[in-house]
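Novice: final_18.cif is reproduced below (mmCIF, C-alpha atoms).
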```cif
data_start
loop_
_atom_site.label_atom_id
_atom_site.label_comp_id
_atom_site.auth_asym_id
_atom_site.auth_seq_id
_atom_site.Cartn_x
_atom_site.Cartn_y
_atom_site.Cartn_z
CA MET P 1 54.38 159.62 83.52
CA GLY P 2 56.14 157.31 86.04
CA ARG P 3 56.98 154.26 84.00
CA ASP P 4 58.21 156.09 80.89
CA LEU P 5 60.47 158.26 82.99
CA VAL P 6 61.91 155.30 84.89
CA THR P 7 62.61 153.51 81.60
CA LEU P 8 64.28 156.61 80.15
CA VAL P 9 66.47 157.14 83.21
CA LEU P 10 67.50 153.48 83.30
CA THR P 11 68.25 153.64 79.57
CA VAL P 12 70.60 156.58 80.05
CA VAL P 13 72.31 154.90 83.00
CA GLU P 14 72.73 151.69 81.01
CA LEU P 15 74.16 153.68 78.09
CA LEU P 16 76.77 155.24 80.38
CA ARG P 17 77.59 151.88 81.90
CA GLN P 18 78.12 150.32 78.49
CA LEU P 19 80.26 153.26 77.38
CA MET P 20 82.47 152.85 80.44
CA GLU P 21 82.73 149.15 79.74
CA ARG P 22 83.86 149.81 76.18
CA GLN P 23 86.32 152.42 77.35
CA ALA P 24 87.74 149.95 79.87
CA LEU P 25 88.18 147.29 77.17
CA ARG P 26 89.89 149.83 74.95
CA ARG P 27 92.32 150.84 77.69
CA ILE P 28 93.14 147.22 78.39
CA ASP P 29 93.84 146.74 74.69
CA GLU P 30 96.17 149.71 74.78
CA GLY P 31 97.99 148.02 77.63
CA ASP P 32 98.10 150.95 80.03
CA LEU P 33 96.38 149.17 82.92
CA THR P 34 97.99 146.82 85.40
CA ASP P 35 96.39 143.45 86.11
CA ASP P 36 95.15 144.72 89.44
CA GLN P 37 93.62 147.83 87.91
CA THR P 38 91.94 145.72 85.26
CA ASP P 39 90.45 143.46 87.88
CA GLU P 40 89.33 146.45 89.93
CA ILE P 41 87.59 148.10 87.00
CA GLY P 42 86.07 144.80 85.91
CA THR P 43 84.69 144.19 89.37
CA THR P 44 83.19 147.67 89.55
CA LEU P 45 81.54 147.31 86.16
CA MET P 46 80.28 143.85 87.03
CA MET P 47 78.64 145.15 90.20
CA LEU P 48 77.11 148.05 88.27
CA ASP P 49 75.77 145.52 85.81
CA GLN P 50 74.25 143.52 88.64
CA ARG P 51 72.78 146.65 90.16
CA MET P 52 71.19 147.54 86.81
CA GLY P 53 69.61 144.11 86.67
CA GLU P 54 68.15 144.58 90.12
CA LEU P 55 66.84 148.06 89.33
CA CYS P 56 65.17 146.75 86.21
CA GLU P 57 63.59 143.94 88.18
CA GLN P 58 62.34 146.32 90.87
CA HIS P 59 60.67 148.52 88.28
CA GLY P 60 59.31 145.69 86.18
CA VAL P 61 61.40 146.67 83.15
CA ARG P 62 63.32 144.19 81.03
CA LEU P 63 66.93 145.02 80.08
CA GLU P 64 65.93 144.62 76.42
CA ASP P 65 63.36 147.40 76.87
CA LEU P 66 66.08 149.89 77.69
CA ASN P 67 66.63 151.34 74.28
CA LEU P 68 65.68 154.26 72.11
CA ASP P 69 64.90 154.08 68.44
CA LEU P 70 66.88 156.87 66.82
CA GLY P 71 65.21 156.46 63.45
CA PRO P 72 67.72 156.36 60.60
CA LEU P 73 70.59 156.28 63.10
CA GLY P 74 69.48 152.92 64.43
CA SER P 75 69.12 152.21 68.11
CA LEU P 76 70.87 153.92 71.01
CA LEU P 77 72.12 150.69 72.54
CA PRO P 78 73.32 147.80 70.40
CA ARG P 79 70.71 145.13 69.77
CA ASP P 80 71.74 141.53 69.47
CA MET F 1 59.49 163.21 49.09
CA SER F 2 58.89 166.60 47.57
CA GLN F 3 55.89 165.18 45.81
CA GLY F 4 54.08 164.50 49.05
CA GLU F 5 54.76 168.00 50.28
CA GLU F 6 53.43 169.41 47.06
CA GLU F 7 50.16 167.57 47.45
CA GLN F 8 50.06 168.57 51.06
CA GLY F 9 50.40 172.15 49.82
CA LEU F 10 47.46 171.72 47.52
CA MET F 11 45.43 170.51 50.41
CA THR F 12 46.16 173.69 52.33
CA GLU F 13 45.75 175.89 49.29
CA ARG F 14 42.17 174.72 49.04
CA GLY F 15 41.37 175.97 52.51
CA THR F 16 39.87 179.36 51.56
CA GLY F 17 36.57 178.79 53.29
CA THR F 18 35.63 176.09 50.81
CA SER F 19 35.47 173.21 53.25
CA GLU F 20 31.71 172.95 52.58
CA ALA F 21 32.30 172.64 48.87
CA ASN F 22 33.23 169.47 47.05
CA ALA F 23 36.82 168.49 46.50
CA VAL F 24 38.35 166.09 44.01
CA TYR F 25 40.30 163.13 45.33
CA ALA F 26 42.82 161.78 42.80
CA PHE F 27 43.97 158.14 42.97
CA ALA F 28 46.20 157.60 39.98
CA VAL F 29 47.19 158.71 36.52
CA CYS F 30 47.29 156.23 33.67
CA HIS F 31 47.96 156.14 29.99
CA THR F 32 45.07 154.79 27.93
CA GLU F 33 43.40 155.12 24.59
CA GLY F 34 39.96 154.46 26.03
CA ASP F 35 38.73 154.94 29.57
CA PRO F 36 39.62 152.30 32.14
CA ASP F 37 36.71 150.40 33.64
CA VAL F 38 36.08 151.94 37.05
CA GLU F 39 32.40 151.20 37.38
CA ARG F 40 32.60 148.70 40.20
CA LEU F 41 35.09 150.64 42.29
CA THR F 42 33.97 152.23 45.54
CA GLY F 43 36.86 154.59 46.22
CA VAL F 44 37.03 156.55 49.48
CA THR F 45 33.34 157.48 49.74
CA ARG F 46 30.02 155.87 48.81
CA ASP F 47 28.41 159.19 47.92
CA GLU F 48 29.96 159.64 44.51
CA PRO F 49 31.27 157.27 41.84
CA VAL F 50 34.91 156.82 40.91
CA ARG F 51 35.37 158.36 37.47
CA CYS F 52 37.92 159.31 34.83
CA LEU F 53 39.23 162.78 34.13
CA ARG F 54 40.98 163.34 30.80
CA ILE F 55 44.24 165.27 30.94
CA GLY F 56 45.58 165.44 27.42
CA SER F 57 46.61 161.91 26.51
CA LEU F 58 46.61 160.89 30.16
CA THR F 59 43.68 159.87 32.31
CA ALA F 60 43.37 160.65 35.99
CA ILE F 61 41.19 158.44 38.17
CA VAL F 62 39.28 160.71 40.54
CA GLN F 63 36.31 160.89 42.84
CA THR F 64 34.33 163.84 44.16
CA VAL F 65 34.44 163.96 47.96
CA ARG F 66 33.08 166.30 50.61
CA GLY F 67 35.71 168.96 51.23
CA SER F 68 34.90 168.96 54.94
CA ASP F 69 36.02 165.31 55.17
CA PHE F 70 39.47 166.21 53.91
CA THR F 71 40.59 169.38 55.60
CA ASP F 72 44.14 169.36 56.95
CA GLU F 73 42.74 169.16 60.44
CA VAL F 74 40.51 166.14 59.75
CA TRP F 75 43.30 164.40 57.91
CA GLN F 76 45.81 165.02 60.70
CA LYS F 77 43.40 163.41 63.13
CA ARG F 78 42.88 160.52 60.74
CA LEU F 79 46.64 159.89 60.63
CA THR F 80 46.55 159.02 64.32
CA ASP F 81 43.62 156.62 64.00
CA GLU F 82 45.11 153.40 62.72
CA ALA F 83 41.86 151.65 61.78
CA GLU F 84 40.53 154.68 59.95
CA LEU F 85 43.84 155.25 58.18
CA GLU F 86 43.94 151.62 57.10
CA ARG F 87 40.44 151.93 55.66
CA TYR F 88 41.55 154.87 53.51
CA ALA F 89 44.80 153.22 52.50
CA ARG F 90 42.93 150.08 51.41
CA ALA F 91 40.32 152.08 49.51
CA HIS F 92 43.05 154.05 47.77
CA HIS F 93 45.08 150.97 47.01
CA SER F 94 42.15 148.96 45.63
CA VAL F 95 41.37 151.69 43.07
CA VAL F 96 45.06 151.96 42.12
CA SER F 97 45.40 148.18 41.74
CA ALA F 98 42.22 147.86 39.68
CA VAL F 99 43.38 150.52 37.25
CA ALA F 100 46.96 149.24 37.17
CA SER F 101 45.70 145.79 36.18
CA GLN F 102 44.24 147.37 33.04
CA PHE F 103 46.78 150.02 31.98
CA PRO F 104 50.23 151.34 32.92
CA THR F 105 49.47 153.42 36.00
CA VAL F 106 51.24 155.95 38.20
CA PRO F 107 49.75 155.81 41.69
CA LEU F 108 49.33 159.15 43.46
CA PRO F 109 50.04 159.53 47.17
CA LEU F 110 47.26 158.90 49.65
CA ALA F 111 45.06 161.98 50.12
CA THR F 112 45.91 163.82 46.93
CA LEU F 113 43.17 166.44 46.73
CA TYR F 114 42.22 169.27 44.42
CA ASN F 115 39.75 172.07 44.54
CA GLY F 116 37.53 170.85 41.70
CA ASP F 117 38.05 169.23 38.30
CA GLU F 118 39.65 172.28 36.66
CA ARG F 119 42.30 172.65 39.33
CA ALA F 120 42.98 168.92 39.25
CA ALA F 121 43.37 168.92 35.48
CA LEU F 122 45.58 172.00 35.53
CA SER F 123 47.78 170.74 38.31
CA LEU F 124 48.17 167.20 36.99
CA ALA F 125 48.78 168.49 33.45
CA GLY F 126 51.64 170.54 34.88
CA GLU F 127 53.23 167.32 36.03
CA SER F 128 52.55 165.40 32.84
CA ALA F 129 56.23 165.22 31.89
CA ARG F 130 56.97 163.42 35.14
CA PHE F 131 53.99 161.10 34.67
CA ARG F 132 55.05 160.25 31.14
CA ALA F 133 58.61 159.49 32.25
CA ALA F 134 57.33 157.33 35.09
CA LEU F 135 54.87 155.50 32.83
CA THR F 136 57.67 154.72 30.39
CA ARG F 137 59.89 153.50 33.20
CA ILE F 138 57.31 151.22 34.82
CA ALA F 139 55.61 149.89 31.70
CA HIS F 140 55.66 146.06 31.82
CA HIS F 141 57.33 146.24 35.22
CA ALA F 142 56.19 145.38 38.71
CA GLU F 143 57.58 146.16 42.13
CA TRP F 144 58.82 143.32 44.32
CA GLY F 145 59.78 143.63 47.95
CA VAL F 146 62.67 141.59 49.33
CA LYS F 147 63.27 141.29 53.06
CA VAL F 148 66.14 139.34 54.56
CA TYR F 149 66.14 138.13 58.15
CA VAL F 150 68.79 136.44 60.24
CA PRO F 151 68.00 134.70 63.50
CA VAL F 152 68.84 136.48 66.73
CA ALA F 153 71.82 134.67 68.17
CA ARG F 154 71.43 133.80 71.80
CA SER F 155 74.81 132.50 72.76
CA ALA F 156 76.07 131.13 76.02
CA GLY F 157 77.58 133.86 78.18
CA ASP F 158 74.93 136.17 76.78
CA ASP F 159 72.63 134.87 79.43
CA PRO F 160 72.43 137.42 82.22
CA SER F 161 71.70 134.74 84.81
CA ASP F 162 75.27 133.47 84.77
CA GLU F 163 76.58 136.93 85.59
CA ARG F 164 74.13 138.10 88.12
CA PRO F 165 73.70 136.56 91.53
CA ALA F 166 70.22 135.30 92.24
CA SER F 167 69.50 137.90 94.86
CA ALA F 168 70.97 141.11 96.17
CA ALA F 169 71.69 139.46 99.51
CA THR F 170 74.46 137.35 98.00
CA ARG F 171 76.18 140.43 96.64
CA THR F 172 79.56 140.84 98.28
CA ARG F 173 82.84 141.94 96.80
CA PRO F 174 83.71 139.16 94.33
CA ALA F 175 86.95 137.20 94.51
CA THR F 176 90.13 138.37 92.85
CA GLY F 177 90.11 137.70 89.12
CA ALA F 178 86.32 137.85 88.87
CA GLY F 179 86.50 141.38 87.46
CA ARG F 180 89.01 140.38 84.82
CA ALA F 181 86.92 137.34 83.90
CA TYR F 182 83.86 139.56 83.61
CA LEU F 183 85.64 141.91 81.20
CA GLU F 184 86.87 138.95 79.16
CA ARG F 185 83.29 137.70 78.85
CA LYS F 186 82.18 141.15 77.74
CA ARG F 187 84.99 141.31 75.22
CA ASN F 188 83.90 138.01 73.70
CA LEU F 189 80.33 139.24 73.63
CA HIS F 190 81.33 142.41 71.80
CA SER F 191 83.44 140.65 69.24
CA ARG F 192 80.77 138.02 68.63
CA ARG F 193 78.21 140.78 68.12
CA GLU F 194 80.48 142.62 65.73
CA GLN F 195 81.12 139.40 63.85
CA ARG F 196 77.39 138.77 63.61
CA GLN F 197 76.74 142.29 62.34
CA ALA F 198 79.46 141.97 59.73
CA ASP F 199 77.99 138.63 58.63
CA SER F 200 74.49 140.13 58.42
CA LEU F 201 75.73 143.03 56.34
CA ARG F 202 77.53 140.67 54.01
CA VAL F 203 74.38 138.61 53.50
CA ALA F 204 72.27 141.74 52.94
CA ASP F 205 74.75 143.14 50.42
CA ALA F 206 75.05 139.84 48.59
CA VAL F 207 71.27 139.49 48.23
CA ASP F 208 70.88 143.14 47.21
CA ALA F 209 73.68 142.91 44.63
CA ASP F 210 72.27 139.77 43.01
CA VAL F 211 68.66 140.95 42.90
CA SER F 212 69.76 144.39 41.65
CA ARG F 213 71.47 142.75 38.68
CA LEU F 214 68.12 141.31 37.65
CA ALA F 215 66.09 144.44 38.41
CA THR F 216 65.71 147.59 36.36
CA GLU F 217 65.89 149.74 39.48
CA SER F 218 66.29 149.14 43.16
CA ARG F 219 65.78 150.98 46.38
CA ARG F 220 66.98 150.07 49.85
CA LEU F 221 64.75 151.08 52.71
CA ARG F 222 65.63 151.25 56.36
CA PRO F 223 65.27 147.80 57.89
CA HIS F 224 62.54 147.55 60.48
CA GLY F 225 63.89 146.92 63.95
CA GLY F 226 63.51 143.44 65.36
CA GLY F 227 59.96 142.78 66.42
CA ALA F 228 59.13 143.20 70.07
CA GLY F 229 60.10 140.40 72.41
CA ASP F 230 59.26 137.06 70.89
CA ASP F 231 60.36 137.82 67.35
CA ARG F 232 63.69 136.01 67.36
CA ARG F 233 65.01 137.37 64.09
CA VAL F 234 66.46 140.61 62.81
CA GLN F 235 65.71 142.23 59.51
CA VAL F 236 68.99 142.99 57.76
CA LEU F 237 67.69 143.99 54.34
CA ASN F 238 64.49 145.78 53.42
CA ALA F 239 64.65 146.57 49.73
CA THR F 240 62.32 146.97 46.82
CA TYR F 241 62.99 146.30 43.16
CA LEU F 242 61.46 147.28 39.85
CA VAL F 243 61.47 144.07 37.85
CA ALA F 244 60.44 143.57 34.24
CA GLY F 245 57.46 141.26 33.84
CA HIS F 246 59.38 138.69 31.81
CA ARG F 247 62.05 138.38 34.52
CA ALA F 248 59.68 137.69 37.42
CA ALA F 249 60.24 133.93 37.10
CA GLU F 250 64.00 134.48 37.30
CA LEU F 251 63.51 136.34 40.56
CA ASP F 252 61.88 133.25 42.05
CA LEU F 253 64.80 131.06 41.04
CA LEU F 254 67.37 133.57 42.20
CA VAL F 255 65.78 133.92 45.63
CA ALA F 256 65.59 130.15 46.03
CA GLU F 257 69.29 129.96 45.22
CA LEU F 258 70.13 132.81 47.60
CA ARG F 259 68.22 131.07 50.38
CA ARG F 260 70.33 127.97 49.82
CA ARG F 261 73.59 129.88 49.58
CA THR F 262 73.19 132.27 52.50
CA GLY F 263 70.94 130.26 54.80
CA ALA F 264 69.11 133.48 55.58
CA HIS F 265 65.37 133.78 55.72
CA ILE F 266 64.33 135.71 52.61
CA GLU F 267 60.80 137.00 52.12
CA VAL F 268 59.59 138.10 48.74
CA SER F 269 56.38 140.03 48.20
CA GLY F 270 54.79 141.17 44.99
CA PRO F 271 54.01 141.90 42.30
CA TRP F 272 52.98 145.36 43.48
CA VAL F 273 51.98 148.48 41.61
CA PRO F 274 55.37 150.21 41.54
CA TYR F 275 54.63 152.87 44.16
CA SER F 276 58.31 153.25 44.99
CA PHE F 277 59.43 153.97 41.45
CA VAL F 278 57.13 156.70 40.20
CA GLY F 279 58.72 159.69 41.93
CA GLU F 280 61.46 161.85 40.51
CA VAL F 281 64.60 159.96 39.72
#
```
Rewrite the structure of this file - the entire thing - as structure tokens.

Specialist:
Amino acid sequence: MGRDLVTLVLTVVELLRQLMERQALRRIDEGDLTDDQTDEIGTTLMMLDQRMGELCEQHGVRLEDLNLDLGPLGSLLPRD
Amino acid sequence: MSQGEEEQGLMTERGTGTSEANAVYAFAVCHTEGDPDVERLTGVTRDEPVRCLRIGSLTAIVQTVRGSDFTDEVWQKRLTDEAELERYARAHHSVVSAVASQFPTVPLPLATLYNGDERAALSLAGESARFRAALTRIAHHAEWGVKVYVPVARSAGDDPSDERPASAATRTRPATGAGRAYLERKRNLHSRREQRQADSLRVADAVDADVSRLATESRRLRPHGGGAGDDRRVQVLNATYLVAGHRAAELDLLVAELRRRTGAHIEVSGPWVPYSFVGEV
């Protein structure tokens, strides 16, 4: 079971991280964040991103592998 | 696909302790004056020959098979065995293609089974209106598949290595402004991706619209996801078209022109027996 579960958990975490990132960009667009807040949020997200990369490396999973095929709905995370 | 379910139903219906008895496997229904030549066809078993079964003015191409080889249970297991499934699909397809090369033919779904000749004749006769309509629709037509691919863009800034420090040890709180710069990079990434998706959709729609104009009927299928890992392209259109025989040459020219105009990689396959255009409309 191990590997599948790790991949699933990392996928969910990455989904949440990406959602937060999008939300942050939206709030910046709406202009209700100060420069300092923007920088703070950006830094937090950047470090989360780094942490994700490290976790993937530790578990031998590639970032591209973190995805779910939702059939006719497409994929859970955007593919390039 | 109500048709598939129907056949599936027939398969279950047969299951009244008759698994030892013989069943009739049906490949296709065609419209002929005489009988199509099926002598050299093997079908799905070597035990019995492929033969014709008259159904009014239509002819079904059938083969007697051991019922025990085609119970729901056996077939379910077969669906999970890729090699075995491929063997059956190829056997089925080779009979369908051989008959279709002689007469207008409606292919039946894989594993269409009946409990003997009488049941097959009765059941297929009940669907004869649909077969006739389909035969009219596909006469002098062939199915062509069109797949459009665009390369996976791998742009600068997309490369994780320029965002992530080489090792965890170097990870300290980044300098002021780094967070804002990171978000800016992400914003560019998002908008580039959206741009790319919009471009892909435009190419797919343009190809589909042009080929549809030439086709009698068309059907868009769900694009297959990008291949695993090393496949550096994304399928943006997976469609199939019913094209009249005399327009097949035009299709070639059109696709060549579309390749030039869009720069996309366009794959054409065919002519196929029009499997996708024989169901209910």

Novice: Please provide as a PyMOL selection string all residues within 8 Å of segment 54-63 of chain P, with the sequence filter that same-chain residues fewer than 2 positions apart are discarded (counting only C-alpha atoms).

Specialist: (chain P and resi 6-7+10+50-52+65-66) or (chain F and resi 168)

Novice: Generate a file of the selected residues that holds C-alpha atoms, formatted as a short mmCIF file (atom, residue, chain, number, x, y, z; two decimals), in the coordinates of the input.

Specialist:
```
data_model
loop_
_atom_site.label_atom_id
_atom_site.label_comp_id
_atom_site.auth_asym_id
_atom_site.auth_seq_id
_atom_site.Cartn_x
_atom_site.Cartn_y
_atom_site.Cartn_z
CA VAL P 6 61.91 155.30 84.89
CA THR P 7 62.61 153.51 81.60
CA LEU P 10 67.50 153.48 83.30
CA GLN P 50 74.25 143.52 88.64
CA ARG P 51 72.78 146.65 90.16
CA MET P 52 71.19 147.54 86.81
CA ASP P 65 63.36 147.40 76.87
CA LEU P 66 66.08 149.89 77.69
CA ALA F 168 70.97 141.11 96.17
#
```

Novice: Show me, as an mmCIF file with C-alpha atoms, in the frame of the given file, the residues that have an atom within 10 Å of Gln37 of chain P when counting all atoms listed in the file, minus same-chain residues fewer than 4 positions from it.

Specialist:
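Written out: part-v7.cif:
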```cif
data_model
loop_
_atom_site.group_PDB
_atom_site.id
_atom_site.type_symbol
_atom_site.label_atom_id
_atom_site.label_comp_id
_atom_site.auth_asym_id
_atom_site.auth_seq_id
_atom_site.Cartn_x
_atom_site.Cartn_y
_atom_site.Cartn_z
ATOM 1 C CA ILE P 28 93.140 147.220 78.390
ATOM 2 C CA ASP P 32 98.100 150.950 80.030
ATOM 3 C CA LEU P 33 96.380 149.170 82.920
ATOM 4 C CA ILE P 41 87.590 148.100 87.000
ATOM 5 C CA GLY P 42 86.070 144.800 85.910
ATOM 6 C CA THR P 43 84.690 144.190 89.370
ATOM 7 C CA GLY F 179 86.500 141.380 87.460
ATOM 8 C CA ARG F 180 89.010 140.380 84.820
#
```

Novice: Identify which of the residues P:Glu64, P:Gly2, P:Val9, P:Leu16 lies closest to chain F, counting all atoms listed in the file when measuring atom-to-atom distances.

Specialist: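 That would be P:Glu64, the residue with the smallest distance to chain F.
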
Novice: Run the PyMOL selection byres ((chain P and resi 14) around 10) against the file shown and list the residues it catches, as a compact mmCIF listing (two decimals) with C-alpha atoms, keeping the file's coordinate frame.

Specialist:
```txt
# COMPACT_ATOMS: atom_id res chain seq x y z
CA LEU P 8 64.28 156.61 80.15
CA VAL P 9 66.47 157.14 83.21
CA LEU P 10 67.50 153.48 83.30
CA THR P 11 68.25 153.64 79.57
CA VAL P 12 70.60 156.58 80.05
CA VAL P 13 72.31 154.90 83.00
CA LEU P 15 74.16 153.68 78.09
CA LEU P 16 76.77 155.24 80.38
CA ARG P 17 77.59 151.88 81.90
CA GLN P 18 78.12 150.32 78.49
CA LEU P 19 80.26 153.26 77.38
CA MET P 20 82.47 152.85 80.44
CA LEU P 48 77.11 148.05 88.27
CA ASP P 49 75.77 145.52 85.81
CA MET P 52 71.19 147.54 86.81
CA GLY P 53 69.61 144.11 86.67
CA LEU P 63 66.93 145.02 80.08
CA LEU P 66 66.08 149.89 77.69
CA ASN P 67 66.63 151.34 74.28
CA LEU P 77 72.12 150.69 72.54
```

Novice: Here is a test: counting only C-alpha atoms, which residue of F:Tyr182, F:Phe277, F:Trp75, F:Trp144 is nearest to chain P?

Specialist: F:Tyr182

Novice: Compare F:Ala23, F:Ile61, F:Ala28, F:Val38 by their minimum atom-to-atom distance to Asn115 of chain F, counting only C-alpha atoms, and give me the closest one.

Specialist: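 Once distances to Asn115 of chain F are computed over only C-alpha atoms, the minimum belongs to F:Ala23.
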
Novice: When the PyMOL selection byres ((chain F and resi 246-261) around 10) is applied to the file above, which residues end up in the set, as number ranges by chain?

Specialist: F: 140-144, 146, 148, 203, 206-207, 210-211, 214-215, 243-245, 262-268, 270-271

Novice: Could the residues in this selection be saved with C-alpha atoms as a short mmCIF file (atom, residue, chain, number, x, y, z; two decimals), in the frame of the given file?

Specialist:
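Below you can see out_25.cif, which holds the result:
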```cif
data_model
loop_
_atom_site.label_atom_id
_atom_site.label_comp_id
_atom_site.auth_asym_id
_atom_site.auth_seq_id
_atom_site.Cartn_x
_atom_site.Cartn_y
_atom_site.Cartn_z
CA HIS F 140 55.66 146.06 31.82
CA HIS F 141 57.33 146.24 35.22
CA ALA F 142 56.19 145.38 38.71
CA GLU F 143 57.58 146.16 42.13
CA TRP F 144 58.82 143.32 44.32
CA VAL F 146 62.67 141.59 49.33
CA VAL F 148 66.14 139.34 54.56
CA VAL F 203 74.38 138.61 53.50
CA ALA F 206 75.05 139.84 48.59
CA VAL F 207 71.27 139.49 48.23
CA ASP F 210 72.27 139.77 43.01
CA VAL F 211 68.66 140.95 42.90
CA LEU F 214 68.12 141.31 37.65
CA ALA F 215 66.09 144.44 38.41
CA VAL F 243 61.47 144.07 37.85
CA ALA F 244 60.44 143.57 34.24
CA GLY F 245 57.46 141.26 33.84
CA THR F 262 73.19 132.27 52.50
CA GLY F 263 70.94 130.26 54.80
CA ALA F 264 69.11 133.48 55.58
CA HIS F 265 65.37 133.78 55.72
CA ILE F 266 64.33 135.71 52.61
CA GLU F 267 60.80 137.00 52.12
CA VAL F 268 59.59 138.10 48.74
CA GLY F 270 54.79 141.17 44.99
CA PRO F 271 54.01 141.90 42.30
#
```

Novice: Figure out the distance between atom CA of Leu68 of chain P and atom CA of Arg27 of chain P, please, to one decimal in Å.

Specialist: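 Computing the Euclidean distance for atom CA of Arg27 of chain P and atom CA of Leu68 of chain P yields 27.4 Å.
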
Novice: Using the file's own x, y and z axes, what box holds all listed atoms of segment 240-252 of chain F with 3 Å on each side, keeping edges along x, y and z, and what are its centre and edge lengths in Å to one decimal, as AutoDock Vina command-line options?

Specialist:
```
--center_x 60.7 --center_y 140.3 --center_z 39.3 --size_x 12.5 --size_y 20.0 --size_z 21.0
```

Novice: Which one is closest to Thr105 of chain F: F:Ser128, F:Arg196, F:Leu135, F:Ala26? Count all atoms listed in the file.

Specialist: F:Leu135

Novice: Given the file shown, determine the residues that the PyMOL selection byres ((chain F and resi 59) around 10) selects; report them as a list in words.

Specialist: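 With the PyMOL selection byres ((chain F and resi 59) around 10) on this model, the match is Ala28, Val29, Cys30, His31, Thr32, Glu33, Gly34, Asp35, Pro36, Arg51, Cys52, Leu53, Arg54, Ile55, Gly56, Ser57, Leu58, Ala60, Ile61, Val62, Thr105, Ala121 and Leu124 of chain F.
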
Novice: Which of these residues is nearest to chain P, using all atoms listed in the file: F:Ser218, F:Gln195, F:Ser68, F:Thr136?

Specialist: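 Checking each of F:Ser218, F:Gln195, F:Ser68, F:Thr136 against chain P, counting all atoms listed in the file, the winner is F:Gln195.
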
Novice: Please compute the atom CA of Arg26 of chain P-atom CA of Leu45 of chain P distance, one decimal, in Å.

Specialist: 14.2 Å
